[in-house]
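> Starting off with a structure, shown below.
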Amino acid sequence: MSAKKYIRSERTNLFEPNVYITMVVELEGTIEPKEMETAVQKAYEANEVTMSKIVLEETGMAWYEKQDRSGCKIHTDKRSWKEILNENEKIPFRLDIGEFVRTFILPGERTTTLLVMAHHLTGDGKGIVILIEDMLKSLNKDFLEYKELELLDENFLNQYRMPLSARLLINSYNRKWSRTRLHFGWEDYRKIHKNYWEKHKSDFSIRTVEGEELSNIKQKAHSMGITMNSYLVAKLHNEYPEYDGVGIPISLRANSRSVSNQTSGIRIVNYRNEQQSFEENAKRVHSMIYKKLASEKTRRFTLAFVAALHPGLIDATLLQTHHCFESAVTKRMAAIIGYQGGNNKKLGITNLGNIDIKQEYSFFQVTDLLFLPPKVSYSETIIGISTFAGKMHCSVIQCE
């Protein structure tokens, strides 16, 4: 019997009420909705995560458990994808029965739009792109290779030893929490979701850059000797001066083709010098990003920190954040993680870069792809960037 695949470093995502990755894929060609439904279903069946559910024990431990049938959903709808998204973000995913993904098929005369809405525990942005590739390959009648769920915990977290101060802090809070003997379940998960969406709404806008404008941005970054990503982080951060820093997810995938979550994160703070030019500040951003990327300790710290916390304490901290539970321990932990205590006004920027998937198939083509990043409780403004078919989309999501 295979070992259980526990949710450790991504445990904060389990009770998050707003942590969904959304992709909008535009297809051109004559595609029957039933044909598309069959292709999506086969893509679900080709990946372990979309053939699993989450088991949540009274001990607080949670893991992925394989099922005979996928709990992910497929719908055909005639509404706009924005209308569907606004409705569905308020409906909690049934992770307990394996509803990790909802795919909506929006047929047109010679076009089909796919709205793929996935819980973050399905995978990161690149993982969801791999799932979409499977949908397109299946529609084209190509062979799909079955992909197991690969978690970072198995070969990544256990090799890292946190600083003594962090270990002492974690041990102290775990001991305090263990005295409560409390555990939480799916009813608490639904309570958080209901409470959050009664008080919040998502507001998003899309900016598209292409042609000469996109070429000019690339040339500017090149002339500075920095990456496009560093240039965009500096440029976008300048538009939100109220934030003192920016959080940046980083991929730890290597060559993995698993639909799974394999990201960590870094944060850049205090890089701006008002007395210096944008170019000088952008170069400083670039230097700070790559210094952190070169540090194994920095790359692993956040994941290892979360994985070492008692899972019940993490769930309780999310409940505390969304006013469904209160204790001295969780109030302090919410402040440490950045969910509460005046430290949660943060900006997050996720750049998937160039999405390298096949555009031309036997009877259809992929004409566009838009990425909307997941919202999280420790950020107010989230920006997602993706480039496909010569267009760079920048989606700005604000949680009000």
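How things are named: the first chain in the structure tokens is A, the next is B, and so on; residues count from 1 in each chain; ligands count from 1 in the order shown.
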Can you check which residues of stretch 216-334 of chain A DSSP gives as helix (DSSP H, G or I) on the backbone and send them as a count of residues only?

67

> Counting only C-alpha atoms, which residues in stretch 328-387 of chain A sit no more than 7 Å from stretch 24-36 of chain A? For each one, give the nearest pair of atoms and the distance in Å, sorted by chain then residue number, as CSV.


```
residue,atom,partner,partner_atom,distance
A:Phe363,CA,A:Gly29,CA,6.3
A:Phe364,CA,A:Gly29,CA,4.4
A:Gln365,CA,A:Glu28,CA,5.3
A:Val366,CA,A:Leu27,CA,4.6
A:Thr367,CA,A:Glu26,CA,5.6
A:Asp368,CA,A:Glu26,CA,5.1
A:Leu369,CA,A:Val25,CA,4.6
A:Leu370,CA,A:Val24,CA,5.0
A:Phe371,CA,A:Val24,CA,6.7
```

> Of the candidates A:Glu213, A:Glu380, A:Arg102, A:Trp177, which shows the shortest atom-to-atom distance to A:Ile128, using only C-alpha atoms?

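Going through A:Glu213, A:Glu380, A:Arg102, A:Trp177 one by one, the smallest distance to A:Ile128 is for A:Arg102.
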
> DSSP on the backbone: what in stretch 121-334 of chain A comes out strand (DSSP E), as a ChimeraX atom specification?

/A:202-210,245-251,263-269

> Which one of A:Leu309, A:Ala62, A:Leu293, A:Cys324 sits closest to A:Tyr6 if you count only C-alpha atoms?

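Checking each of A:Leu309, A:Ala62, A:Leu293, A:Cys324 against A:Tyr6, counting only C-alpha atoms, the winner is A:Ala62.
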
> Point out the residue among A:Ile336, A:Val209, A:Ile130, A:Met51 with the least atom-to-atom distance to A:Arg257, counting only C-alpha atoms.

A:Ile130

> I need the residue nearest A:His237 from this list: A:Leu347, A:Glu360, A:Ser138, A:Ser287. Use only C-alpha atoms for the distance.

A:Leu347

> Which is closer to A:Gly71 than all the others in A:Leu95, A:Leu139, A:Val55, A:Met288, using only C-alpha atoms?

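Once distances to A:Gly71 are computed over only C-alpha atoms, the minimum belongs to A:Leu95.
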
> Give me the residues near A:Phe15 as a list in words, where near means some atom within 10 Å (using only C-alpha atoms) and where sequence neighbours in that chain fewer than 4 positions away do not count.

Arg11, Val19, Phe184, Gly185, Trp186, Asp188, Tyr189, Arg190, Lys191, Ile192, His193, Ile314, Asp315, Ala316, Thr317, Leu318 and Leu319 of chain A

> Could you take the residues named above and write them with N, CA and C atoms, as a short mmCIF file (atom, residue, chain, number, x, y, z; two decimals), in the first residue's frame?


```cif
data_model
loop_
_atom_site.label_atom_id
_atom_site.label_comp_id
_atom_site.auth_asym_id
_atom_site.auth_seq_id
_atom_site.Cartn_x
_atom_site.Cartn_y
_atom_site.Cartn_z
N ARG A 11 -0.71 23.61 3.70
CA ARG A 11 -1.87 23.43 4.57
C ARG A 11 -2.70 24.71 4.71
N VAL A 19 -8.84 30.86 -2.65
CA VAL A 19 -7.53 30.52 -3.21
C VAL A 19 -7.70 29.69 -4.49
N PHE A 184 -10.86 20.69 13.73
CA PHE A 184 -11.85 21.32 12.88
C PHE A 184 -12.14 20.44 11.68
N GLY A 185 -13.31 20.65 11.08
CA GLY A 185 -13.72 19.79 9.96
C GLY A 185 -14.31 20.59 8.82
N TRP A 186 -15.00 19.86 7.94
CA TRP A 186 -15.52 20.48 6.72
C TRP A 186 -16.61 21.52 7.00
N ASP A 188 -16.48 23.66 9.38
CA ASP A 188 -15.72 24.88 9.66
C ASP A 188 -15.19 25.50 8.36
N TYR A 189 -14.76 24.64 7.44
CA TYR A 189 -14.31 25.10 6.12
C TYR A 189 -15.42 25.86 5.41
N ARG A 190 -16.63 25.33 5.44
CA ARG A 190 -17.76 25.99 4.79
C ARG A 190 -18.14 27.29 5.52
N LYS A 191 -17.97 27.28 6.84
CA LYS A 191 -18.30 28.47 7.63
C LYS A 191 -17.38 29.63 7.27
N ILE A 192 -16.08 29.36 7.13
CA ILE A 192 -15.12 30.39 6.72
C ILE A 192 -15.52 30.96 5.37
N HIS A 193 -15.82 30.07 4.43
CA HIS A 193 -16.15 30.48 3.07
C HIS A 193 -17.39 31.39 3.07
N ILE A 314 -2.98 25.73 12.18
CA ILE A 314 -3.10 26.46 10.91
C ILE A 314 -4.57 26.69 10.58
N ASP A 315 -5.39 25.64 10.70
CA ASP A 315 -6.82 25.78 10.42
C ASP A 315 -7.45 26.82 11.35
N ALA A 316 -7.08 26.77 12.63
CA ALA A 316 -7.64 27.70 13.61
C ALA A 316 -7.22 29.13 13.31
N THR A 317 -6.00 29.31 12.78
CA THR A 317 -5.52 30.64 12.43
C THR A 317 -6.34 31.23 11.28
N LEU A 318 -6.70 30.39 10.31
CA LEU A 318 -7.58 30.86 9.23
C LEU A 318 -8.96 31.20 9.78
N LEU A 319 -9.46 30.39 10.71
CA LEU A 319 -10.75 30.68 11.34
C LEU A 319 -10.69 31.98 12.12
#
```

> Find the spatial neighbours of A:Tyr44, counting only C-alpha atoms, within a cut-off of 9 Å - ignore same-chain residues fewer than 6 positions away - and output them as a list in words.

Thr50, Met51, Ser70, Cys72, Val101, Leu131, Asp134 and Met135 of chain A

> Please, could you write that set of residues out with N, CA and C atoms as a PDB file, in the first residue's frame?


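again-v9.pdb, freshly written:
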```pdb
ATOM      1  N   THR A  50      -6.609  14.969  -9.759  1.00  0.00           N
ATOM      2  CA  THR A  50      -8.007  15.141 -10.135  1.00  0.00           C
ATOM      3  C   THR A  50      -8.791  13.825 -10.061  1.00  0.00           C
ATOM      4  N   MET A  51      -8.125  12.774  -9.605  1.00  0.00           N
ATOM      5  CA  MET A  51      -8.788  11.499  -9.309  1.00  0.00           C
ATOM      6  C   MET A  51      -8.696  11.209  -7.806  1.00  0.00           C
ATOM      7  N   SER A  70     -13.475  10.637 -10.763  1.00  0.00           N
ATOM      8  CA  SER A  70     -13.102  12.011 -10.460  1.00  0.00           C
ATOM      9  C   SER A  70     -14.299  12.775  -9.897  1.00  0.00           C
ATOM     10  N   CYS A  72     -14.157  16.076  -9.961  1.00  0.00           N
ATOM     11  CA  CYS A  72     -14.094  17.368 -10.647  1.00  0.00           C
ATOM     12  C   CYS A  72     -15.286  17.528 -11.588  1.00  0.00           C
ATOM     13  N   VAL A 101     -11.516  20.837  -9.400  1.00  0.00           N
ATOM     14  CA  VAL A 101     -11.566  21.688 -10.598  1.00  0.00           C
ATOM     15  C   VAL A 101     -13.004  21.778 -11.103  1.00  0.00           C
ATOM     16  N   LEU A 131      -2.556  20.627 -16.900  1.00  0.00           N
ATOM     17  CA  LEU A 131      -3.890  20.031 -16.978  1.00  0.00           C
ATOM     18  C   LEU A 131      -4.617  20.509 -18.232  1.00  0.00           C
ATOM     19  N   ASP A 134      -3.445  18.716 -21.240  1.00  0.00           N
ATOM     20  CA  ASP A 134      -4.074  17.397 -21.344  1.00  0.00           C
ATOM     21  C   ASP A 134      -5.465  17.492 -21.966  1.00  0.00           C
ATOM     22  N   MET A 135      -6.213  18.521 -21.611  1.00  0.00           N
ATOM     23  CA  MET A 135      -7.545  18.706 -22.200  1.00  0.00           C
ATOM     24  C   MET A 135      -7.443  18.901 -23.715  1.00  0.00           C
TER      25      MET A 135
END
```

> As a ChimeraX atom specification, please: the residues near A:Ile397 (cut-off 7 Å, only C-alpha atoms, same-chain neighbours under 2 positions excluded).

/A:202-205,381-383,395,399

> Quick one: residues within 10 Å of A:Val129, only C-alpha atoms counted, chain neighbours fewer than 3 positions away excluded, as a list of chain:residue names?

A:Met23, A:Val116, A:Gly123, A:Asp124, A:Gly125, A:Lys126, A:Ile132, A:Glu133, A:Asp134, A:Met135, A:Val259, A:Leu352, A:Ile355, A:Asp356, A:Ile357, A:Leu369, A:Phe371

> Can I get the selection written as a PDB file, in the first residue's frame, with C-alpha atoms?


```pdb
ATOM      1  CA  MET A  23      -7.471  30.103 -16.711  1.00  0.00           C
ATOM      2  CA  VAL A 116     -10.910  26.332 -15.879  1.00  0.00           C
ATOM      3  CA  GLY A 123      -1.675  22.692  -8.342  1.00  0.00           C
ATOM      4  CA  ASP A 124       0.200  25.900  -9.002  1.00  0.00           C
ATOM      5  CA  GLY A 125      -0.198  27.987 -12.159  1.00  0.00           C
ATOM      6  CA  LYS A 126       2.163  25.813 -14.174  1.00  0.00           C
ATOM      7  CA  ILE A 132      -5.139  22.318 -19.764  1.00  0.00           C
ATOM      8  CA  GLU A 133      -2.570  20.807 -22.130  1.00  0.00           C
ATOM      9  CA  ASP A 134      -4.074  17.397 -21.344  1.00  0.00           C
ATOM     10  CA  MET A 135      -7.545  18.706 -22.200  1.00  0.00           C
ATOM     11  CA  VAL A 259      -0.290  18.541 -11.824  1.00  0.00           C
ATOM     12  CA  LEU A 352       3.895  32.653 -15.333  1.00  0.00           C
ATOM     13  CA  ILE A 355       3.088  29.825 -21.634  1.00  0.00           C
ATOM     14  CA  ASP A 356       4.646  27.338 -23.984  1.00  0.00           C
ATOM     15  CA  ILE A 357       1.812  25.113 -25.124  1.00  0.00           C
ATOM     16  CA  LEU A 369      -4.922  32.194 -22.745  1.00  0.00           C
ATOM     17  CA  PHE A 371      -4.321  33.651 -16.163  1.00  0.00           C
TER      18      PHE A 371
END
```
